[in-house]
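Participant: If it helps, the file is called coords_30.csv and holds CSV, C-alpha atoms and all ligand atoms:
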```csv
chain,number,residue,atom,x,y,z
A,1,MET,CA,28.6,12.3,31.5
A,2,ILE,CA,27.2,8.9,32.2
A,3,LYS,CA,23.7,10.2,32.5
A,4,LYS,CA,24.1,12.1,29.3
A,5,ARG,CA,25.4,9.2,27.3
A,6,ARG,CA,22.5,7.0,28.5
A,7,PHE,CA,20.2,9.7,27.2
A,8,HIS,CA,21.8,9.5,23.8
A,9,VAL,CA,21.5,5.7,23.8
A,10,LEU,CA,17.9,6.0,24.7
A,11,LEU,CA,17.2,8.4,21.9
A,12,VAL,CA,18.9,6.2,19.4
A,13,LEU,CA,16.8,3.2,20.6
A,14,LEU,CA,13.6,5.3,20.3
A,15,PHE,CA,14.6,6.4,16.8
A,16,PHE,CA,15.1,2.8,15.7
A,17,SER,CA,12.0,1.4,17.3
A,18,SER,CA,9.9,4.1,15.8
A,19,THR,CA,11.3,3.7,12.3
A,20,LEU,CA,11.1,-0.1,12.4
A,21,TYR,CA,7.5,-0.1,13.7
A,22,ALA,CA,6.0,3.0,12.4
A,23,GLN,CA,2.2,2.9,12.1
A,24,ARG,CA,0.7,2.5,8.7
A,25,ALA,CA,-2.4,4.5,8.0
A,26,PHE,CA,-4.2,1.7,6.2
A,27,VAL,CA,-3.7,-0.8,9.1
A,28,ASN,CA,-4.6,1.9,11.6
A,29,ASN,CA,-7.9,2.5,9.7
A,30,ILE,CA,-8.7,-1.2,9.6
A,31,ILE,CA,-8.1,-1.6,13.4
A,32,HIS,CA,-10.4,1.3,14.1
A,33,SER,CA,-13.1,-0.2,11.9
A,34,VAL,CA,-13.3,-3.3,14.0
A,35,ASN,CA,-16.6,-2.8,15.7
A,36,ILE,CA,-17.6,-4.6,19.0
A,37,ASP,CA,-21.4,-4.3,18.3
A,38,SER,CA,-20.9,-5.9,14.9
A,39,LEU,CA,-18.8,-8.7,16.5
A,40,MET,CA,-21.3,-9.3,19.4
A,41,LEU,CA,-24.3,-9.3,17.1
A,42,THR,CA,-22.8,-12.1,15.0
A,43,VAL,CA,-21.9,-14.1,18.1
A,44,ARG,CA,-25.4,-13.7,19.5
A,45,GLN,CA,-26.8,-14.9,16.2
A,46,LEU,CA,-24.5,-17.9,16.0
A,47,SER,CA,-25.1,-18.9,19.6
A,48,GLY,CA,-28.9,-18.7,19.6
A,49,ASP,CA,-29.0,-15.6,21.8
A,50,THR,CA,-31.0,-13.8,19.1
A,51,THR,CA,-32.8,-14.7,15.9
A,52,VAL,CA,-31.4,-14.9,12.4
A,53,ILE,CA,-33.0,-14.5,9.0
A,54,ILE,CA,-32.0,-17.3,6.8
A,55,ASN,CA,-33.5,-17.6,3.3
A,56,ASN,CA,-36.1,-15.0,4.3
A,57,ASN,CA,-37.2,-17.0,7.3
A,58,ILE,CA,-36.8,-16.0,10.9
A,59,ASP,CA,-35.0,-18.8,12.7
A,60,THR,CA,-32.8,-19.5,15.8
A,61,ILE,CA,-29.5,-21.5,15.7
A,62,LYS,CA,-29.8,-23.6,18.9
A,63,ASN,CA,-26.7,-25.6,18.6
A,64,ARG,CA,-23.8,-26.2,16.2
A,65,TYR,CA,-23.1,-29.9,17.0
A,66,ALA,CA,-21.5,-31.7,14.0
A,67,ASP,CA,-24.1,-32.9,11.5
A,68,SER,CA,-27.1,-31.5,13.5
A,69,THR,CA,-30.0,-29.8,11.8
A,70,ASP,CA,-29.1,-26.5,13.4
A,71,ILE,CA,-25.4,-26.5,12.3
A,72,LYS,CA,-26.7,-26.5,8.8
A,73,LYS,CA,-28.6,-23.3,9.6
A,74,ALA,CA,-25.3,-21.9,10.9
A,75,ALA,CA,-23.5,-22.8,7.7
A,76,ASN,CA,-26.2,-21.1,5.6
A,77,PHE,CA,-26.0,-18.0,7.9
A,78,ILE,CA,-22.3,-17.8,7.5
A,79,LYS,CA,-22.6,-18.2,3.7
A,80,GLN,CA,-25.2,-15.4,3.6
A,81,LYS,CA,-22.9,-13.1,5.6
A,82,LEU,CA,-19.9,-13.6,3.4
A,83,ASN,CA,-22.0,-13.1,0.3
A,84,SER,CA,-23.4,-9.9,1.7
A,85,PHE,CA,-20.0,-8.4,1.5
A,86,GLY,CA,-19.7,-9.1,-2.2
A,87,LEU,CA,-17.6,-12.2,-1.7
A,88,THR,CA,-18.6,-15.6,-3.1
A,89,ALA,CA,-19.1,-18.1,-0.3
A,90,ILE,CA,-18.1,-21.6,-1.2
A,91,GLU,CA,-19.3,-24.9,0.4
A,92,GLN,CA,-16.7,-27.6,0.7
A,93,PRO,CA,-18.5,-30.8,1.7
A,94,PHE,CA,-16.8,-33.8,3.1
A,95,ILE,CA,-17.9,-37.1,4.7
A,96,SER,CA,-16.3,-38.5,7.8
A,97,ASN,CA,-17.4,-41.7,9.6
A,98,GLY,CA,-20.7,-41.5,7.7
A,99,TYR,CA,-21.4,-37.9,8.8
A,100,ASN,CA,-21.7,-35.0,6.4
A,101,GLY,CA,-19.6,-32.0,7.2
A,102,LYS,CA,-18.9,-28.8,5.2
A,103,ASN,CA,-16.4,-26.1,5.4
A,104,ILE,CA,-17.4,-22.6,4.3
A,105,TYR,CA,-14.9,-20.3,2.8
A,106,ALA,CA,-14.5,-17.2,0.6
A,107,ILE,CA,-11.5,-15.9,-1.3
A,108,GLN,CA,-10.8,-12.3,-1.7
A,109,HIS,CA,-8.7,-12.2,-4.8
A,110,ALA,CA,-5.5,-10.2,-5.1
A,111,SER,CA,-5.9,-6.9,-6.8
A,112,SER,CA,-2.3,-6.8,-7.9
A,113,ALA,CA,-1.5,-8.3,-11.3
A,114,SER,CA,1.9,-9.4,-10.1
A,115,TYR,CA,2.4,-13.2,-10.4
A,116,LEU,CA,3.8,-13.4,-6.9
A,117,SER,CA,0.8,-11.7,-5.4
A,118,GLN,CA,-1.6,-13.8,-7.3
A,119,LYS,CA,0.0,-17.0,-6.1
A,120,LEU,CA,0.0,-16.1,-2.4
A,121,TYR,CA,-2.7,-16.4,0.2
A,122,TYR,CA,-3.1,-15.2,3.8
A,123,VAL,CA,-5.7,-17.2,5.8
A,124,ILE,CA,-7.9,-16.2,8.7
A,125,CYS,CA,-9.9,-19.1,10.0
A,126,ALA,CA,-12.0,-20.5,12.9
A,127,HIS,CA,-14.2,-23.5,13.4
A,128,TYR,CA,-17.9,-23.1,13.6
A,129,ASP,CA,-19.0,-26.4,15.0
A,130,ASN,CA,-19.2,-27.0,18.8
A,131,LEU,CA,-19.7,-29.3,21.7
A,132,PRO,CA,-21.4,-30.8,23.7
A,133,LYS,CA,-24.0,-32.8,21.8
A,134,ALA,CA,-27.1,-31.2,23.1
A,135,SER,CA,-30.2,-29.8,21.5
A,136,ILE,CA,-29.4,-26.4,23.0
A,137,ASN,CA,-25.8,-25.7,23.1
A,138,TYR,CA,-24.5,-22.1,22.7
A,139,GLY,CA,-20.8,-22.4,22.0
A,140,ALA,CA,-20.4,-18.6,22.3
A,141,ASP,CA,-16.7,-18.5,23.1
A,142,ASP,CA,-16.0,-21.9,21.5
A,143,ASN,CA,-16.1,-20.7,18.8
A,144,ALA,CA,-18.7,-18.2,17.8
A,145,SER,CA,-16.1,-15.7,19.0
A,146,GLY,CA,-13.6,-16.8,16.4
A,147,VAL,CA,-16.1,-17.2,13.6
A,148,SER,CA,-17.5,-13.7,14.2
A,149,ALA,CA,-14.0,-12.2,14.0
A,150,VAL,CA,-13.4,-13.9,10.7
A,151,ILE,CA,-16.7,-12.5,9.4
A,152,GLU,CA,-15.7,-9.1,10.8
A,153,ALA,CA,-12.4,-9.3,8.9
A,154,ALA,CA,-14.3,-10.1,5.7
A,155,ARG,CA,-16.8,-7.2,6.3
A,156,ILE,CA,-14.0,-4.7,6.7
A,157,LEU,CA,-11.2,-5.9,4.3
A,158,SER,CA,-13.5,-6.8,1.4
A,159,ARG,CA,-14.0,-3.1,0.8
A,160,TYR,CA,-10.3,-2.7,-0.2
A,161,ALA,CA,-8.3,-3.8,-3.1
A,162,LEU,CA,-5.3,-5.6,-1.6
A,163,PRO,CA,-2.2,-7.0,-3.2
A,164,PHE,CA,-2.6,-10.5,-1.8
A,165,ASN,CA,-5.3,-13.1,-1.8
A,166,ILE,CA,-7.1,-13.7,1.5
A,167,TYR,CA,-8.9,-16.9,2.5
A,168,TYR,CA,-11.7,-16.4,5.0
A,169,VAL,CA,-12.4,-20.0,6.2
A,170,LEU,CA,-14.9,-21.5,8.7
A,171,PHE,CA,-14.2,-25.1,9.5
A,172,ASP,CA,-16.6,-27.8,10.4
A,173,PHE,CA,-15.9,-30.9,12.5
A,174,GLU,CA,-13.0,-29.4,14.4
A,175,GLU,CA,-14.3,-30.9,17.6
A,176,GLN,CA,-14.4,-34.3,16.0
A,177,GLY,CA,-10.6,-34.2,15.4
A,178,LYS,CA,-9.9,-31.2,13.1
A,179,ILE,CA,-11.5,-33.2,10.2
A,180,GLY,CA,-12.7,-30.2,8.2
A,181,SER,CA,-9.4,-28.3,8.3
A,182,ASP,CA,-7.5,-31.5,7.4
A,183,PHE,CA,-9.7,-31.9,4.4
A,184,PHE,CA,-9.3,-28.2,3.4
A,185,CYS,CA,-5.5,-28.1,3.9
A,186,ASN,CA,-5.0,-31.2,1.8
A,187,THR,CA,-6.5,-29.4,-1.1
A,188,LEU,CA,-4.0,-26.6,-1.0
A,189,ASP,CA,-0.8,-26.3,-2.9
A,190,ILE,CA,2.3,-26.2,-0.7
A,191,GLY,CA,4.1,-22.9,-0.7
A,192,THR,CA,1.0,-20.8,-1.5
A,193,ILE,CA,0.0,-20.1,2.1
A,194,LYS,CA,2.1,-17.3,3.5
A,195,ALA,CA,0.4,-17.3,6.9
A,196,ALA,CA,-2.7,-18.8,8.6
A,197,ILE,CA,-4.1,-17.2,11.7
A,198,ASN,CA,-6.5,-19.6,13.6
A,199,LEU,CA,-8.9,-18.1,16.1
A,200,ASP,CA,-10.3,-20.5,18.6
A,201,MET,CA,-11.9,-19.0,21.8
A,202,ILE,CA,-10.9,-15.3,22.0
A,203,ALA,CA,-13.5,-13.7,24.2
A,204,TYR,CA,-12.9,-14.8,27.8
A,205,ASP,CA,-10.7,-13.0,30.3
A,206,GLY,CA,-12.0,-13.8,33.8
A,207,ASN,CA,-9.3,-11.9,35.7
A,208,ASN,CA,-9.0,-8.9,33.4
A,209,ASP,CA,-5.2,-9.3,32.9
A,210,SER,CA,-5.5,-9.1,29.1
A,211,VAL,CA,-3.3,-12.1,28.7
A,212,ALA,CA,-3.6,-13.9,25.3
A,213,ASN,CA,-1.6,-16.8,23.9
A,214,ILE,CA,0.0,-17.5,20.6
A,215,HIS,CA,0.7,-21.2,20.0
A,216,SER,CA,3.6,-21.4,17.6
A,217,ARG,CA,6.4,-23.7,16.7
A,218,ASN,CA,9.9,-22.4,16.8
A,219,ILE,CA,10.3,-22.3,13.1
A,220,VAL,CA,10.7,-19.4,10.6
A,221,GLY,CA,7.2,-19.4,9.1
A,222,ASP,CA,5.4,-19.5,12.4
A,223,ASP,CA,7.7,-16.9,13.9
A,224,VAL,CA,6.9,-14.4,11.1
A,225,ILE,CA,3.2,-14.6,12.2
A,226,SER,CA,3.9,-14.4,15.9
A,227,ASN,CA,6.2,-11.5,15.4
A,228,LYS,CA,3.5,-9.7,13.3
A,229,LEU,CA,1.0,-10.1,16.2
A,230,LEU,CA,3.6,-8.8,18.7
A,231,SER,CA,4.5,-5.8,16.6
A,232,VAL,CA,0.9,-4.8,15.7
A,233,ASN,CA,0.0,-5.1,19.4
A,234,THR,CA,2.6,-2.6,20.4
A,235,THR,CA,2.6,-0.4,17.4
A,236,TYR,CA,-1.1,0.5,17.2
A,237,PRO,CA,-1.2,0.0,20.4
A,238,ILE,CA,-3.8,-2.6,21.3
A,239,GLY,CA,-2.6,-3.4,24.8
A,240,LEU,CA,-2.9,-7.2,25.1
A,241,ASN,CA,-0.3,-9.1,27.1
A,242,LEU,CA,0.9,-11.7,24.6
A,243,THR,CA,2.7,-14.9,25.4
A,244,ILE,CA,4.2,-17.3,22.9
A,245,ILE,CA,3.4,-20.9,23.8
A,246,ASN,CA,6.1,-23.3,22.6
A,247,PRO,CA,5.8,-26.3,22.6
A,248,PRO,CA,2.4,-25.5,21.3
A,249,SER,CA,-1.0,-27.1,21.5
A,250,TYR,CA,-2.0,-29.2,18.5
A,251,GLN,CA,-5.7,-29.2,19.5
A,252,SER,CA,-7.1,-26.9,16.9
A,253,ASP,CA,-7.2,-26.3,13.2
A,254,HIS,CA,-3.8,-24.5,12.9
A,255,ALA,CA,-2.2,-28.0,13.4
A,256,SER,CA,-3.8,-29.1,10.1
A,257,PHE,CA,-1.8,-26.4,8.3
A,258,TRP,CA,1.3,-27.7,10.1
A,259,ASN,CA,0.6,-31.2,9.0
A,260,TYR,CA,0.7,-30.0,5.4
A,261,PHE,CA,3.8,-27.9,5.9
A,262,MET,CA,2.2,-24.5,6.0
A,263,PRO,CA,3.0,-21.7,8.5
A,264,ALA,CA,0.2,-21.1,11.1
A,265,ILE,CA,-0.5,-20.1,14.6
A,266,LEU,CA,-3.3,-20.5,17.1
A,267,PHE,CA,-4.5,-17.2,18.7
A,268,ILE,CA,-6.4,-17.9,21.9
A,269,GLU,CA,-7.4,-16.5,25.3
A,270,ASP,CA,-5.3,-17.5,28.2
A,271,ASP,CA,-5.8,-21.2,27.9
A,272,LYS,CA,-3.1,-21.9,30.4
A,273,HIS,CA,-4.2,-20.0,33.5
A,274,ASP,CA,-7.6,-18.4,33.0
A,275,PHE,CA,-9.7,-20.6,30.8
A,276,ASN,CA,-13.4,-20.3,30.1
A,277,PRO,CA,-15.2,-22.3,32.8
A,278,GLY,CA,-18.1,-22.9,30.4
A,279,TYR,CA,-15.8,-24.7,28.0
A,280,HIS,CA,-17.5,-27.6,26.2
A,281,SER,CA,-20.6,-27.3,28.4
A,282,ILE,CA,-24.0,-25.7,27.9
A,283,ASN,CA,-22.7,-22.8,30.0
A,284,ASP,CA,-20.5,-21.4,27.2
A,285,LYS,CA,-22.7,-18.3,26.8
A,286,ILE,CA,-22.0,-14.6,26.1
A,287,ASN,CA,-22.6,-13.7,29.7
A,288,LEU,CA,-19.0,-14.9,30.3
A,289,PHE,CA,-17.6,-12.6,27.7
A,290,ASN,CA,-15.2,-9.8,28.5
A,291,LYS,CA,-16.3,-7.5,25.7
A,292,SER,CA,-13.4,-5.1,25.7
A,293,TYR,CA,-10.9,-8.0,25.7
A,294,TYR,CA,-12.8,-9.6,22.9
A,295,HIS,CA,-12.7,-6.3,21.0
A,296,SER,CA,-8.9,-6.1,21.4
A,297,MET,CA,-8.4,-9.8,20.3
A,298,ALA,CA,-10.4,-9.2,17.1
A,299,LYS,CA,-8.5,-5.9,16.5
A,300,LEU,CA,-5.2,-7.6,16.8
A,301,ALA,CA,-6.0,-10.6,14.6
A,302,ILE,CA,-7.6,-8.4,11.9
A,303,GLY,CA,-4.9,-5.7,12.1
A,304,ALA,CA,-2.2,-8.4,11.7
A,305,LEU,CA,-4.0,-9.8,8.7
A,306,ALA,CA,-4.4,-6.4,7.1
A,307,ASP,CA,-0.7,-5.6,7.6
A,308,PHE,CA,0.3,-8.9,6.0
A,309,ALA,CA,-2.1,-8.7,3.1
A,310,SER,CA,-1.4,-5.0,2.2
A,311,ASP,CA,2.4,-5.1,2.5
A,312,SER,CA,4.0,-5.8,-0.8
A,313,LEU,CA,7.4,-5.6,0.8
A,314,THR,CA,6.8,-8.9,2.5
A,315,VAL,CA,7.1,-10.7,-0.8
A,316,GLY,CA,10.5,-12.1,-1.6
A,317,ILE,CA,11.5,-14.0,-4.7
A,318,ASN,CA,12.5,-17.0,-2.5
A,319,ASP,CA,9.2,-17.1,-0.8
A,320,ILE,CA,7.4,-19.1,-3.5
A,321,MET,CA,7.9,-21.1,-6.5
A,322,LEU,CA,7.8,-19.4,-9.8
A,323,LYS,CA,7.5,-22.5,-11.9
A,324,GLN,CA,5.6,-24.8,-9.6
A,325,ASN,CA,4.3,-26.9,-12.5
A,326,GLU,CA,7.5,-27.5,-14.4
A,327,ILE,CA,9.5,-29.6,-11.9
A,328,PHE,CA,8.1,-33.0,-11.2
A,329,LEU,CA,8.7,-35.2,-8.2
A,330,TYR,CA,8.1,-38.9,-8.6
A,331,PRO,CA,7.1,-41.5,-7.6
A,332,ASN,CA,4.7,-40.5,-4.8
A,333,PRO,CA,4.3,-42.4,-2.5
A,334,VAL,CA,8.1,-42.9,-2.3
A,335,LYS,CA,10.0,-46.0,-1.4
A,336,ASN,CA,13.7,-45.2,-1.0
A,337,GLN,CA,14.4,-42.9,-3.9
A,338,ILE,CA,12.9,-39.7,-5.1
A,339,HIS,CA,13.4,-38.3,-8.6
A,340,PHE,CA,13.1,-34.6,-9.7
A,341,SER,CA,12.7,-34.0,-13.4
A,342,HIS,CA,13.1,-30.8,-15.5
A,343,ILE,CA,15.9,-29.3,-13.5
A,344,HIS,CA,17.5,-26.5,-15.4
A,345,SER,CA,20.0,-25.0,-13.1
A,346,ASN,CA,23.7,-25.4,-12.2
A,347,LYS,CA,23.2,-25.9,-8.5
A,348,VAL,CA,20.3,-27.0,-6.4
A,349,CYS,CA,19.8,-27.3,-2.6
A,350,ILE,CA,17.3,-30.0,-1.4
A,351,LYS,CA,15.8,-30.0,2.1
A,352,ILE,CA,13.4,-32.6,3.5
A,353,THR,CA,11.5,-31.8,6.6
A,354,ASN,CA,9.1,-34.0,8.7
A,355,THR,CA,5.8,-32.8,10.0
A,356,ASN,CA,7.4,-31.6,13.3
A,357,GLY,CA,9.5,-29.1,11.2
A,358,GLU,CA,12.7,-31.1,11.8
A,359,ILE,CA,15.1,-31.2,8.9
A,360,ILE,CA,16.0,-34.8,8.1
A,361,PHE,CA,17.9,-34.3,4.8
A,362,ASP,CA,19.8,-31.3,3.6
A,363,MET,CA,22.1,-31.4,0.6
A,364,GLU,CA,23.5,-29.1,-2.1
A,365,LEU,CA,24.4,-30.6,-5.4
A,366,ILE,CA,25.4,-29.9,-9.0
A,367,PRO,CA,23.0,-31.6,-11.3
A,368,GLN,CA,24.6,-33.6,-14.1
A,369,GLN,CA,21.4,-34.0,-16.0
A,370,GLU,CA,17.8,-32.8,-16.0
A,371,THR,CA,16.7,-35.5,-13.6
A,372,ILE,CA,18.1,-35.7,-10.1
A,373,THR,CA,17.8,-38.9,-8.0
A,374,ILE,CA,18.0,-38.7,-4.2
A,375,ASP,CA,18.5,-41.7,-1.9
A,376,LEU,CA,16.5,-41.3,1.2
A,377,PRO,CA,18.2,-42.0,4.6
A,378,GLU,CA,17.5,-45.6,5.6
A,379,SER,CA,16.3,-44.5,9.0
A,380,ILE,CA,13.4,-42.5,7.5
A,381,ALA,CA,10.1,-43.5,9.1
A,382,ASN,CA,7.0,-44.0,7.0
A,383,GLY,CA,4.9,-40.8,6.8
A,384,LEU,CA,4.3,-37.5,5.2
A,385,TYR,CA,7.3,-35.2,4.4
A,386,HIS,CA,7.9,-31.8,2.9
A,387,VAL,CA,10.7,-31.3,0.4
A,388,SER,CA,11.9,-28.0,-0.8
A,389,LEU,CA,14.2,-27.6,-3.8
A,390,MET,CA,16.0,-24.3,-4.3
A,391,SER,CA,17.7,-23.4,-7.5
A,392,ASP,CA,18.7,-20.0,-9.0
A,393,GLY,CA,16.6,-18.1,-6.5
A,394,GLU,CA,13.5,-20.2,-7.0
A,395,MET,CA,11.9,-22.5,-4.5
A,396,ILE,CA,9.8,-25.5,-5.3
A,397,ASN,CA,7.8,-27.1,-2.5
A,398,ARG,CA,6.2,-30.5,-2.5
A,399,LYS,CA,4.9,-33.0,-0.1
A,400,PHE,CA,5.4,-36.8,-0.4
A,401,ILE,CA,4.6,-39.9,1.5
A,402,THR,CA,7.1,-42.7,2.3
A,403,GLN,CA,5.9,-46.3,2.6
B,1,ZN,ZN,-12.7,-24.7,19.7
```
What does this structure look like when you write it as structure tokens?
Facilitator:
Amino acid sequence: MIKKRRFHVLLVLLFFSSTLYAQRAFVNNIIHSVNIDSLMLTVRQLSGDTTVIINNNIDTIKNRYADSTDIKKAANFIKQKLNSFGLTAIEQPFISNGYNGKNIYAIQHASSASYLSQKLYYVICAHYDNLPKASINYGADDNASGVSAVIEAARILSRYALPFNIYYVLFDFEEQGKIGSDFFCNTLDIGTIKAAINLDMIAYDGNNDSVANIHSRNIVGDDVISNKLLSVNTTYPIGLNLTIINPPSYQSDHASFWNYFMPAILFIEDDKHDFNPGYHSINDKINLFNKSYYHSMAKLAIGALADFASDSLTVGINDIMLKQNEIFLYPNPVKNQIHFSHIHSNKVCIKITNTNGEIIFDMELIPQQETITIDLPESIANGLYHVSLMSDGEMINRKFITQ
């Protein structure tokens, strides 16, 4: 009897797990389209292992150190690649400490006419600059591996009409302190980014154990991304050994999204126990790559993105603001009071979060008039904060500075 009962329990479990995580044909197709030769060719081109043709000239990208002559070639090469898929590559220049940097990105616009879809973005990103400062400096794993996977995502997904917008972003000046991604994230509207997947070093597995790490904070937005990677890895099945790292590292561009209150994770090789020995040296070359591991890493990142961007069931009315431009927060910077104007509902809930994701203020109230005034806690430190205001199933997200 006992044995029989266990068998039934097992069947029930199998039934639930297969219904919860059934394969979707579209995602399966995308994962099978991820091509290791295509990935490796782009890595070789970015890391000077083979030539590139830029503006009809044969050339070699010998390094990608910030503000060098050769990183400008890399930027042009990336633009050319994105444009070749029918996307429009955009340069986003910025200046830091007198140096000129530029992010390169392309947007794949949502095919759905739904307002919710049009307002929401998924991000896949990687930095394209590298270290050390040397005239020849390959940066194959750090981070031609990530850049090539973003370009591969664009190559495959740009052929489809998807309900959500996708940002394909390649950041500059990561190695100088995440400067490019900070600049980029500061231009985004809060609440519009559903998930950002940052790829930084995804091709080294020296001991063949298939371990990969997901750096994620223990908060809802990040968990949604981590869980997506975990479920795609088992459902399709990709076969990586994934570990969630929390507390996470802040040492790559995902942390810029966090600083501006957007959900993100870092997807990286085993940076705890089996890290690339060529890291930040002139030995960071493709000869250290584990190609089948790299292929799996790219499949998982692109598969997770495809699953997100094609699944209209992931959109909820509470996920974004419907009337972002109607409610105003002022003043900003804030001293000790914040005002919200144009409130038209009977009950609102206000939540203020710091950049670590900790809630420092949480209150429900019944507005007496169209403008609400909130007294900030006296203990509040100067800095950047996120406030969300929920009313009648809508959510308004804003950032503000206290000083
Ligand atoms: Zn890196």
Participant: Which distance in Å separates atom CA of A:Glu174 and atom CA of A:Asn83, to one decimal?
Facilitator: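 About the pair atom CA of A:Glu174 and atom CA of A:Asn83: they are 23.4 Å apart.
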Participant: Compare A:Thr353, A:Asn103, A:Ser345, A:His109 by their minimum atom-to-atom distance to A:Ile219, counting all atoms listed in the file, and give me the closest one.
Facilitator: A:Thr353
Participant: Would you kindly return, as a list of chain:residue names, each protein, DNA or RNA residue with an atom no farther than 7 Å from any atom of stretch 112-126 of chain A, considering only C-alpha atoms and excluding same-chain residues fewer than 2 positions away?
Facilitator: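 These residues fall inside the cut-off: A:Ala110, A:Tyr128, A:Gly146, A:Val147, A:Val150, A:Pro163, A:Phe164, A:Asn165, A:Ile166, A:Tyr167, A:Tyr168, A:Val169, A:Leu170, A:Phe171, A:Thr192, A:Ile193, A:Lys194, A:Ala195, A:Ala196, A:Ile197, A:Asn198, A:Leu199, A:Asp200, A:Ala309.
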Participant: Could you pull out the residues sitting within 12 Å of ligand ZN 1 (chain B), using all atoms listed in the file, and write them as an MDAnalysis selection string?
Facilitator: chainID A and resid 64:65 125:132 139:147 170:178 198:203 250:254 266:269 271 276 279:280 284
Participant: Would you pick out the contacts of A:Asp59 at 10 Å or less, using all atoms listed in the file, so that residues sharing its chain but fewer than 6 positions from it are not included, and give the list as a list in words?
Facilitator: Gln45, Gly48, Thr50, Thr51, Val52, Ile53, Asp70 and Lys73 of chain A
Participant: Find, counting only C-alpha atoms, the residue in A:Ala89, A:Ala66, A:Ile36, A:Val387 that gets nearest to A:Ser296.
Facilitator: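 Of the candidates, the smallest distance to A:Ser296 is held by A:Ile36.
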Participant: Rounded to one decimal, what separation in Å do you get between atom CA of A:Val334 and atom CA of A:Leu389?
Facilitator: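 Atom CA of A:Leu389 lies 16.5 Å from atom CA of A:Val334.
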Participant: Name the residues in contact with A:Asn28 at a cut-off of 12 Å, using all atoms listed in the file, excluding same-chain residues fewer than 2 positions from it; report them as an MDAnalysis selection string.
Facilitator: chainID A and resid 22:26 30:34 232:233 235:238 299:300 302:304 306:307
Participant: For A:Ser226, which residue among A:Thr243, A:Asn283, A:Asn332, A:Ser210 is the nearest when counting all atoms listed in the file?
Facilitator: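 Comparing A:Thr243, A:Asn283, A:Asn332, A:Ser210 against A:Ser226, the winner is A:Thr243.
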Participant: Check the smallest atom-to-atom distance from each of A:Ser181, A:Ser388, A:Ser148, A:Ser281 to A:Phe94 using only C-alpha atoms, then report the winner.
Facilitator: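 Of A:Ser181, A:Ser388, A:Ser148, A:Ser281, the one nearest A:Phe94 is A:Ser181, counting only C-alpha atoms.
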Participant: Kindly give the distance, in Å, that separates atom CA of A:Ile360 and atom CA of A:Ile265, rounded to a single decimal.
Facilitator: 23.0 Å
Participant: A:Asn29, A:Ser310, A:Ala154, A:Asn137: which is nearest A:Lys79, counting all atoms listed in the file?
Facilitator: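 Selected residue with least distance to A:Lys79: A:Ala154.
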